[in-house]
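The next block is start35.txt, given as compact mmCIF, N, CA and C atoms and all ligand atoms.
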# COMPACT_ATOMS: atom_id res chain seq x y z
N MET A 1 64.43 -9.11 9.36
CA MET A 1 64.03 -7.79 9.87
C MET A 1 63.09 -7.97 11.06
N THR A 2 63.27 -7.17 12.07
CA THR A 2 62.40 -7.19 13.23
C THR A 2 61.70 -5.86 13.36
N LEU A 3 60.38 -5.91 13.58
CA LEU A 3 59.64 -4.69 13.86
C LEU A 3 59.36 -4.67 15.35
N SER A 4 59.67 -3.58 15.99
CA SER A 4 59.38 -3.48 17.41
C SER A 4 58.43 -2.31 17.64
N SER A 5 57.43 -2.53 18.45
CA SER A 5 56.43 -1.50 18.70
C SER A 5 56.63 -0.91 20.08
N ALA A 6 56.80 0.39 20.15
CA ALA A 6 56.99 1.07 21.43
C ALA A 6 55.83 2.02 21.66
N SER A 7 55.28 1.99 22.85
CA SER A 7 54.13 2.85 23.14
C SER A 7 54.49 3.87 24.20
N PRO A 8 53.92 5.07 24.10
CA PRO A 8 54.30 6.18 24.97
C PRO A 8 54.32 5.93 26.47
N PRO A 9 53.39 5.18 27.10
CA PRO A 9 53.46 5.05 28.56
C PRO A 9 54.75 4.39 29.03
N ARG A 10 55.30 3.55 28.18
CA ARG A 10 56.53 2.88 28.57
C ARG A 10 57.72 3.51 27.86
N SER A 11 57.58 4.79 27.54
CA SER A 11 58.52 5.40 26.62
C SER A 11 59.97 5.29 27.07
N SER A 12 60.26 5.62 28.33
CA SER A 12 61.66 5.66 28.74
C SER A 12 62.32 4.30 28.63
N SER A 13 61.74 3.31 29.32
CA SER A 13 62.40 2.01 29.35
C SER A 13 62.36 1.34 27.99
N THR A 14 61.21 1.43 27.30
CA THR A 14 61.11 0.75 26.00
C THR A 14 62.07 1.38 25.00
N ALA A 15 62.09 2.69 24.95
CA ALA A 15 62.96 3.35 23.98
C ALA A 15 64.42 3.01 24.26
N SER A 16 64.78 2.99 25.53
CA SER A 16 66.17 2.66 25.86
C SER A 16 66.51 1.24 25.46
N ARG A 17 65.56 0.32 25.70
CA ARG A 17 65.80 -1.06 25.34
C ARG A 17 65.95 -1.22 23.84
N ILE A 18 65.04 -0.56 23.11
CA ILE A 18 65.10 -0.65 21.65
C ILE A 18 66.43 -0.10 21.15
N ALA A 19 66.86 1.00 21.74
CA ALA A 19 68.10 1.61 21.29
C ALA A 19 69.30 0.73 21.60
N GLY A 20 69.17 -0.08 22.64
CA GLY A 20 70.32 -0.86 23.09
C GLY A 20 70.44 -2.23 22.48
N VAL A 21 69.43 -2.71 21.81
CA VAL A 21 69.51 -4.05 21.23
C VAL A 21 69.46 -4.00 19.71
N GLU A 22 69.69 -5.15 19.12
CA GLU A 22 69.78 -5.17 17.67
C GLU A 22 68.40 -5.31 17.04
N ILE A 23 67.82 -4.21 16.71
CA ILE A 23 66.51 -4.21 16.07
C ILE A 23 66.62 -3.37 14.81
N ASP A 24 66.08 -3.88 13.73
CA ASP A 24 66.23 -3.20 12.45
C ASP A 24 65.26 -2.05 12.26
N ARG A 25 64.07 -2.23 12.74
CA ARG A 25 63.05 -1.20 12.55
C ARG A 25 62.30 -1.00 13.85
N ALA A 26 61.90 0.20 14.10
CA ALA A 26 61.09 0.44 15.30
C ALA A 26 59.76 1.05 14.89
N LEU A 27 58.72 0.50 15.44
CA LEU A 27 57.38 1.02 15.17
C LEU A 27 56.87 1.65 16.45
N VAL A 28 56.64 2.93 16.40
CA VAL A 28 56.12 3.63 17.57
C VAL A 28 54.60 3.62 17.46
N ALA A 29 53.99 2.88 18.31
CA ALA A 29 52.58 2.57 18.09
C ALA A 29 51.67 3.11 19.19
N SER A 30 50.43 2.70 19.11
CA SER A 30 49.41 3.25 19.98
C SER A 30 49.54 2.73 21.40
N ALA A 31 48.81 3.38 22.28
CA ALA A 31 48.96 3.06 23.68
C ALA A 31 47.76 3.53 24.46
N ARG A 32 47.88 3.43 25.75
CA ARG A 32 46.80 3.90 26.60
C ARG A 32 47.18 5.23 27.23
N ALA A 33 48.20 5.87 26.64
CA ALA A 33 48.69 7.13 27.18
C ALA A 33 47.55 8.14 27.27
N GLY A 34 47.53 8.88 28.36
CA GLY A 34 46.61 9.98 28.46
C GLY A 34 45.19 9.60 28.82
N LEU A 35 44.95 8.33 29.04
CA LEU A 35 43.60 7.92 29.43
C LEU A 35 43.32 8.39 30.85
N ALA A 36 42.12 8.90 31.08
CA ALA A 36 41.73 9.23 32.44
C ALA A 36 41.71 7.95 33.26
N ALA A 37 41.96 8.09 34.55
CA ALA A 37 42.09 6.91 35.42
C ALA A 37 40.90 5.97 35.30
N ARG A 38 39.71 6.54 35.11
CA ARG A 38 38.53 5.68 35.09
C ARG A 38 38.51 4.73 33.89
N TRP A 39 39.34 5.00 32.87
CA TRP A 39 39.36 4.12 31.70
C TRP A 39 40.50 3.11 31.75
N HIS A 40 41.31 3.18 32.80
CA HIS A 40 42.51 2.33 32.82
C HIS A 40 42.21 0.84 32.76
N GLN A 41 41.04 0.45 33.22
CA GLN A 41 40.72 -0.99 33.22
C GLN A 41 40.19 -1.46 31.86
N GLU A 42 39.88 -0.49 30.98
CA GLU A 42 39.36 -0.87 29.66
C GLU A 42 40.46 -1.56 28.84
N SER A 43 40.04 -2.51 28.02
CA SER A 43 41.03 -3.14 27.15
C SER A 43 41.26 -2.27 25.91
N GLY A 44 42.33 -2.55 25.19
CA GLY A 44 42.61 -1.82 23.96
C GLY A 44 43.55 -0.66 24.19
N GLY A 45 43.84 0.07 23.14
CA GLY A 45 44.79 1.17 23.23
C GLY A 45 44.16 2.47 22.81
N LEU A 46 44.90 3.53 23.01
CA LEU A 46 44.44 4.86 22.62
C LEU A 46 44.88 5.11 21.19
N SER A 47 44.06 5.82 20.44
CA SER A 47 44.46 6.16 19.08
C SER A 47 43.99 7.56 18.76
N GLY A 48 44.47 8.08 17.65
CA GLY A 48 44.01 9.38 17.19
C GLY A 48 44.68 10.55 17.89
N ALA A 49 44.02 11.71 17.82
CA ALA A 49 44.60 12.97 18.28
C ALA A 49 45.18 12.94 19.70
N PRO A 50 44.53 12.28 20.67
CA PRO A 50 45.09 12.31 22.03
C PRO A 50 46.47 11.66 22.13
N LEU A 51 46.80 10.86 21.14
CA LEU A 51 48.08 10.15 21.15
C LEU A 51 49.19 10.94 20.46
N ARG A 52 48.77 11.97 19.69
CA ARG A 52 49.70 12.60 18.74
C ARG A 52 50.99 13.12 19.39
N ALA A 53 50.85 14.01 20.37
CA ALA A 53 52.04 14.64 20.95
C ALA A 53 52.92 13.61 21.66
N ARG A 54 52.28 12.66 22.33
CA ARG A 54 53.06 11.66 23.06
C ARG A 54 53.87 10.78 22.11
N SER A 55 53.25 10.38 21.02
CA SER A 55 54.00 9.51 20.11
C SER A 55 55.11 10.30 19.42
N THR A 56 54.85 11.57 19.14
CA THR A 56 55.90 12.39 18.51
C THR A 56 57.09 12.55 19.48
N ALA A 57 56.78 12.73 20.76
CA ALA A 57 57.85 12.86 21.75
C ALA A 57 58.66 11.57 21.85
N LEU A 58 57.97 10.44 21.72
CA LEU A 58 58.69 9.15 21.79
C LEU A 58 59.57 8.95 20.56
N ILE A 59 59.07 9.38 19.40
CA ILE A 59 59.89 9.31 18.18
C ILE A 59 61.16 10.13 18.38
N ALA A 60 60.99 11.33 18.91
CA ALA A 60 62.16 12.21 19.12
C ALA A 60 63.16 11.56 20.08
N ARG A 61 62.62 10.95 21.13
CA ARG A 61 63.50 10.30 22.11
C ARG A 61 64.27 9.13 21.48
N LEU A 62 63.52 8.34 20.71
CA LEU A 62 64.14 7.19 20.05
C LEU A 62 65.21 7.65 19.06
N TRP A 63 64.91 8.72 18.36
CA TRP A 63 65.86 9.24 17.37
C TRP A 63 67.14 9.69 18.07
N ARG A 64 66.96 10.39 19.21
CA ARG A 64 68.15 10.87 19.93
C ARG A 64 68.96 9.71 20.48
N LEU A 65 68.25 8.71 21.03
CA LEU A 65 68.95 7.55 21.61
C LEU A 65 69.75 6.78 20.57
N THR A 66 69.23 6.76 19.35
CA THR A 66 69.90 5.97 18.31
C THR A 66 70.70 6.87 17.36
N GLU A 67 70.74 8.14 17.66
CA GLU A 67 71.45 9.13 16.84
C GLU A 67 71.03 9.04 15.38
N GLY A 68 69.74 8.78 15.18
CA GLY A 68 69.21 8.76 13.82
C GLY A 68 69.55 7.51 13.02
N GLU A 69 70.13 6.51 13.66
CA GLU A 69 70.58 5.31 12.93
C GLU A 69 69.47 4.29 12.71
N LEU A 70 68.38 4.42 13.50
CA LEU A 70 67.31 3.42 13.44
C LEU A 70 66.13 3.96 12.65
N PRO A 71 65.71 3.27 11.58
CA PRO A 71 64.51 3.73 10.86
C PRO A 71 63.29 3.65 11.78
N ILE A 72 62.56 4.74 11.87
CA ILE A 72 61.41 4.80 12.78
C ILE A 72 60.13 5.00 11.98
N ILE A 73 59.13 4.16 12.27
CA ILE A 73 57.81 4.34 11.67
C ILE A 73 56.98 5.16 12.64
N GLY A 74 56.56 6.33 12.21
CA GLY A 74 55.79 7.22 13.08
C GLY A 74 54.30 6.94 12.95
N VAL A 75 53.64 6.74 14.07
CA VAL A 75 52.20 6.48 14.06
C VAL A 75 51.58 7.04 15.33
N GLY A 76 50.39 7.59 15.18
CA GLY A 76 49.67 8.11 16.34
C GLY A 76 49.14 9.51 16.07
N GLY A 77 47.86 9.59 15.73
CA GLY A 77 47.22 10.90 15.60
C GLY A 77 47.59 11.67 14.35
N ILE A 78 48.03 10.97 13.31
CA ILE A 78 48.34 11.69 12.06
C ILE A 78 47.03 11.87 11.29
N ASP A 79 46.55 13.11 11.22
CA ASP A 79 45.30 13.37 10.49
C ASP A 79 45.38 14.65 9.66
N THR A 80 46.55 15.26 9.64
CA THR A 80 46.78 16.45 8.82
C THR A 80 48.22 16.40 8.30
N PRO A 81 48.52 17.21 7.25
CA PRO A 81 49.92 17.28 6.81
C PRO A 81 50.84 17.76 7.92
N GLN A 82 50.36 18.70 8.74
CA GLN A 82 51.20 19.23 9.81
C GLN A 82 51.57 18.13 10.81
N ALA A 83 50.60 17.29 11.16
CA ALA A 83 50.88 16.20 12.10
C ALA A 83 51.91 15.24 11.50
N ALA A 84 51.79 14.99 10.19
CA ALA A 84 52.76 14.12 9.51
C ALA A 84 54.15 14.77 9.51
N TRP A 85 54.17 16.05 9.22
CA TRP A 85 55.43 16.80 9.18
C TRP A 85 56.14 16.77 10.54
N GLU A 86 55.37 16.90 11.60
CA GLU A 86 55.97 16.88 12.95
C GLU A 86 56.60 15.53 13.25
N LYS A 87 55.97 14.45 12.82
CA LYS A 87 56.53 13.11 13.05
C LYS A 87 57.85 12.96 12.28
N ILE A 88 57.87 13.46 11.05
CA ILE A 88 59.08 13.35 10.23
C ILE A 88 60.21 14.18 10.82
N ARG A 89 59.89 15.41 11.19
CA ARG A 89 60.91 16.27 11.81
C ARG A 89 61.45 15.65 13.10
N ALA A 90 60.59 14.94 13.82
CA ALA A 90 61.02 14.30 15.07
C ALA A 90 61.93 13.11 14.80
N GLY A 91 61.82 12.52 13.59
CA GLY A 91 62.73 11.41 13.27
C GLY A 91 62.11 10.24 12.54
N ALA A 92 60.81 10.31 12.22
CA ALA A 92 60.18 9.19 11.51
C ALA A 92 60.53 9.25 10.02
N SER A 93 60.86 8.08 9.46
CA SER A 93 61.13 8.05 8.02
C SER A 93 60.04 7.32 7.25
N LEU A 94 59.06 6.82 7.97
CA LEU A 94 57.88 6.20 7.37
C LEU A 94 56.72 6.49 8.30
N LEU A 95 55.52 6.67 7.73
CA LEU A 95 54.36 7.00 8.56
C LEU A 95 53.27 5.95 8.40
N GLN A 96 52.52 5.76 9.47
CA GLN A 96 51.35 4.90 9.42
C GLN A 96 50.15 5.71 9.90
N VAL A 97 49.04 5.57 9.19
CA VAL A 97 47.81 6.31 9.56
C VAL A 97 46.67 5.32 9.70
N TYR A 98 45.93 5.42 10.78
CA TYR A 98 44.78 4.54 10.97
C TYR A 98 43.53 5.39 11.25
N THR A 99 43.46 5.95 12.46
CA THR A 99 42.27 6.70 12.86
C THR A 99 42.00 7.88 11.93
N GLY A 100 43.04 8.55 11.49
CA GLY A 100 42.87 9.68 10.59
C GLY A 100 42.13 9.28 9.32
N LEU A 101 42.41 8.09 8.83
CA LEU A 101 41.73 7.61 7.61
C LEU A 101 40.25 7.35 7.89
N VAL A 102 39.96 6.88 9.10
CA VAL A 102 38.56 6.61 9.46
C VAL A 102 37.76 7.90 9.43
N TYR A 103 38.32 8.97 10.00
CA TYR A 103 37.58 10.23 10.09
C TYR A 103 37.66 11.08 8.83
N GLU A 104 38.81 11.05 8.16
CA GLU A 104 39.02 11.94 7.02
C GLU A 104 38.79 11.26 5.67
N GLY A 105 38.82 9.94 5.64
CA GLY A 105 38.65 9.23 4.38
C GLY A 105 39.96 9.09 3.63
N PRO A 106 39.94 8.32 2.54
CA PRO A 106 41.18 8.00 1.83
C PRO A 106 41.86 9.21 1.18
N ALA A 107 41.11 10.31 0.98
CA ALA A 107 41.74 11.50 0.39
C ALA A 107 42.80 12.09 1.31
N LEU A 108 42.78 11.66 2.56
CA LEU A 108 43.79 12.16 3.51
C LEU A 108 45.21 11.89 3.02
N ALA A 109 45.43 10.73 2.44
CA ALA A 109 46.78 10.37 2.00
C ALA A 109 47.33 11.40 1.02
N GLY A 110 46.51 11.78 0.04
CA GLY A 110 46.93 12.78 -0.94
C GLY A 110 47.16 14.14 -0.29
N ARG A 111 46.27 14.51 0.62
CA ARG A 111 46.43 15.81 1.32
C ARG A 111 47.74 15.84 2.09
N ILE A 112 48.05 14.73 2.74
CA ILE A 112 49.30 14.69 3.51
C ILE A 112 50.50 14.80 2.57
N CYS A 113 50.46 14.08 1.46
CA CYS A 113 51.60 14.15 0.51
C CYS A 113 51.77 15.56 -0.03
N ARG A 114 50.67 16.19 -0.42
CA ARG A 114 50.77 17.56 -0.95
C ARG A 114 51.27 18.52 0.12
N GLY A 115 50.77 18.35 1.32
CA GLY A 115 51.19 19.22 2.42
C GLY A 115 52.67 19.04 2.74
N LEU A 116 53.13 17.80 2.64
CA LEU A 116 54.56 17.55 2.90
C LEU A 116 55.42 18.21 1.82
N LEU A 117 54.94 18.11 0.57
CA LEU A 117 55.69 18.75 -0.52
C LEU A 117 55.79 20.26 -0.30
N GLU A 118 54.67 20.88 0.09
CA GLU A 118 54.69 22.33 0.36
C GLU A 118 55.71 22.66 1.45
N ARG A 119 55.72 21.84 2.49
CA ARG A 119 56.66 22.11 3.58
C ARG A 119 58.11 21.90 3.16
N LEU A 120 58.34 20.92 2.30
CA LEU A 120 59.70 20.74 1.79
C LEU A 120 60.14 21.98 1.02
N ARG A 121 59.23 22.48 0.17
CA ARG A 121 59.58 23.66 -0.64
C ARG A 121 59.84 24.86 0.26
N SER A 122 58.97 25.09 1.24
CA SER A 122 59.16 26.28 2.06
C SER A 122 60.39 26.17 2.96
N ASN A 123 60.85 24.94 3.19
CA ASN A 123 62.08 24.77 3.96
C ASN A 123 63.30 24.58 3.06
N ARG A 124 63.08 24.74 1.75
CA ARG A 124 64.14 24.60 0.75
C ARG A 124 64.87 23.25 0.86
N LEU A 125 64.08 22.23 1.02
CA LEU A 125 64.63 20.87 1.07
C LEU A 125 64.25 20.15 -0.22
N ASP A 126 65.19 19.41 -0.81
CA ASP A 126 64.91 18.78 -2.09
C ASP A 126 64.44 17.32 -1.95
N HIS A 127 64.45 16.80 -0.74
CA HIS A 127 64.03 15.41 -0.56
C HIS A 127 63.51 15.23 0.86
N LEU A 128 62.47 14.41 0.98
CA LEU A 128 61.87 14.21 2.30
C LEU A 128 62.89 13.66 3.30
N ALA A 129 63.84 12.86 2.79
CA ALA A 129 64.84 12.29 3.69
C ALA A 129 65.60 13.38 4.45
N ARG A 130 65.70 14.55 3.84
CA ARG A 130 66.44 15.63 4.50
C ARG A 130 65.64 16.25 5.65
N ALA A 131 64.36 15.96 5.69
CA ALA A 131 63.52 16.49 6.78
C ALA A 131 63.47 15.55 7.97
N VAL A 132 63.90 14.30 7.75
CA VAL A 132 63.84 13.30 8.84
C VAL A 132 64.80 13.71 9.96
N GLY A 133 64.26 13.93 11.14
CA GLY A 133 65.09 14.32 12.28
C GLY A 133 65.50 15.77 12.27
N LEU A 134 64.87 16.59 11.46
CA LEU A 134 65.25 18.00 11.32
C LEU A 134 65.22 18.74 12.66
N ASP A 135 64.32 18.35 13.53
CA ASP A 135 64.23 19.02 14.84
C ASP A 135 65.50 18.86 15.66
N HIS A 136 66.31 17.89 15.32
CA HIS A 136 67.49 17.61 16.14
C HIS A 136 68.76 18.26 15.58
N ARG A 137 68.61 18.92 14.43
CA ARG A 137 69.81 19.48 13.81
C ARG A 137 69.88 20.99 14.00
C1 LIG B 1 40.41 -0.53 15.59
C2 LIG B 1 41.92 -0.58 15.74
C3 LIG B 1 42.54 -1.81 15.62
C4 LIG B 1 43.93 -1.89 15.79
N1 LIG B 1 44.54 -3.11 15.68
C5 LIG B 1 45.88 -3.19 15.86
C6 LIG B 1 46.54 -4.44 15.76
O1 LIG B 1 45.93 -5.48 15.53
N2 LIG B 1 47.88 -4.48 15.94
C7 LIG B 1 48.61 -3.34 16.21
O2 LIG B 1 49.83 -3.43 16.37
N3 LIG B 1 48.01 -2.14 16.29
C8 LIG B 1 46.67 -2.04 16.13
N4 LIG B 1 46.07 -0.82 16.24
C9 LIG B 1 46.88 0.35 16.53
C10 LIG B 1 47.15 1.14 15.24
O3 LIG B 1 47.96 0.38 14.37
C11 LIG B 1 47.87 2.46 15.54
O4 LIG B 1 49.13 2.19 16.12
C12 LIG B 1 47.09 3.34 16.47
O5 LIG B 1 45.72 3.31 16.14
C13 LIG B 1 47.62 4.78 16.47
O6 LIG B 1 47.55 5.33 15.18
P1 LIG B 1 46.33 6.28 14.73
O7 LIG B 1 46.26 7.42 15.71
O8 LIG B 1 46.65 6.70 13.33
O9 LIG B 1 45.09 5.43 14.80
C14 LIG B 1 44.69 -0.72 16.08
C15 LIG B 1 44.01 0.50 16.16
C16 LIG B 1 42.65 0.58 16.00
C17 LIG B 1 41.97 1.94 16.12
Can you dump the structure from the file as structure tokens?
Ligand SMILES: Cc1cc2nc3c(=O)[nH]c(=O)nc-3n(C[C@H](O)[C@H](O)[C@H](O)COP(=O)(O)O)c2cc1C
Amino acid sequence: MTLSSASPPRSSSTASRIAGVEIDRALVASARAGLAARWHQESGGLSGAPLRARSTALIARLWRLTEGELPIIGVGGIDTPQAAWEKIRAGASLLQVYTGLVYEGPALAGRICRGLLERLRSNRLDHLARAVGLDHR
């Protein structure tokens, strides 16, 4: 199994490359997306809320490029059930949380699971797998 990490600033070329080669899993990870120019020389990547929309857009792009055939790990700014739900609807079938845990604490995991269950019920879906890529259907 190969894990490949794609970050939003390189979204077009990276996503296309990932879609075109034989990779089993794709990890959409953090980046320097959205940094003001004055921070561009800083080392490290961007994490948390500023990354959220960009990483969700990259998940959606990757899902479309692979027609839902590639398992995608969604990561970037997940700190609420809604943020998790958006990643799943965009095409993520597994989620990773880092910064959200730092700010919200370990109870975040339970809140996200309960929130996802509520959303499944209100969308009349019997399994989370049915929500993966829902935005594209
Ligand atoms: C302090 C810190 C250390 C990290 N170290 C790594 C790392 O070693 N390898 C990696 O692939 N990503 C690393 N990341 C990126 C995270 O795995 C994640 O992709 C990114 O933080 C976006 O998710 P988040 O918004 O939930 O934090 C790190 C992030 C943070 C904040």
Task: Within-6 Å residues of ligand LIG 1 (chain B), basis only N, CA and C atoms and all ligand atoms, as a VMD selection string - done: chain A and resid 28 to 30 46 to 49 75 to 78 96 to 100
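Take atom N of Ala37 (chain A) and CA of Ser55 (chain A): the distance between them is 18.9 Å.
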Please write out, as AutoDock Vina command-line options, where the centre of an axis-aligned box around all listed atoms of region 45-61 of chain A lies and how long its edges are, in Å to one decimal, after adding 5 Å on each side.
--center_x 54.1 --center_y 7.4 --center_z 20.2 --size_x 30.4 --size_y 24.6 --size_z 16.0
- [ ] Could you give me, as a ChimeraX atom specification, each residue of region 27-85 of chain A that DSSP assigns to alpha helix (DSSP H) when run on this structure's backbone?
- [x] /A:49-66,81-85
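The two atoms in question, atom N of Leu116 (chain A) and atom N of Gly133 (chain A), are spaced 14.5 Å apart.
Going from atom N of Gly91 (chain A) to CA of Leu51 (chain A) covers 15.9 Å.
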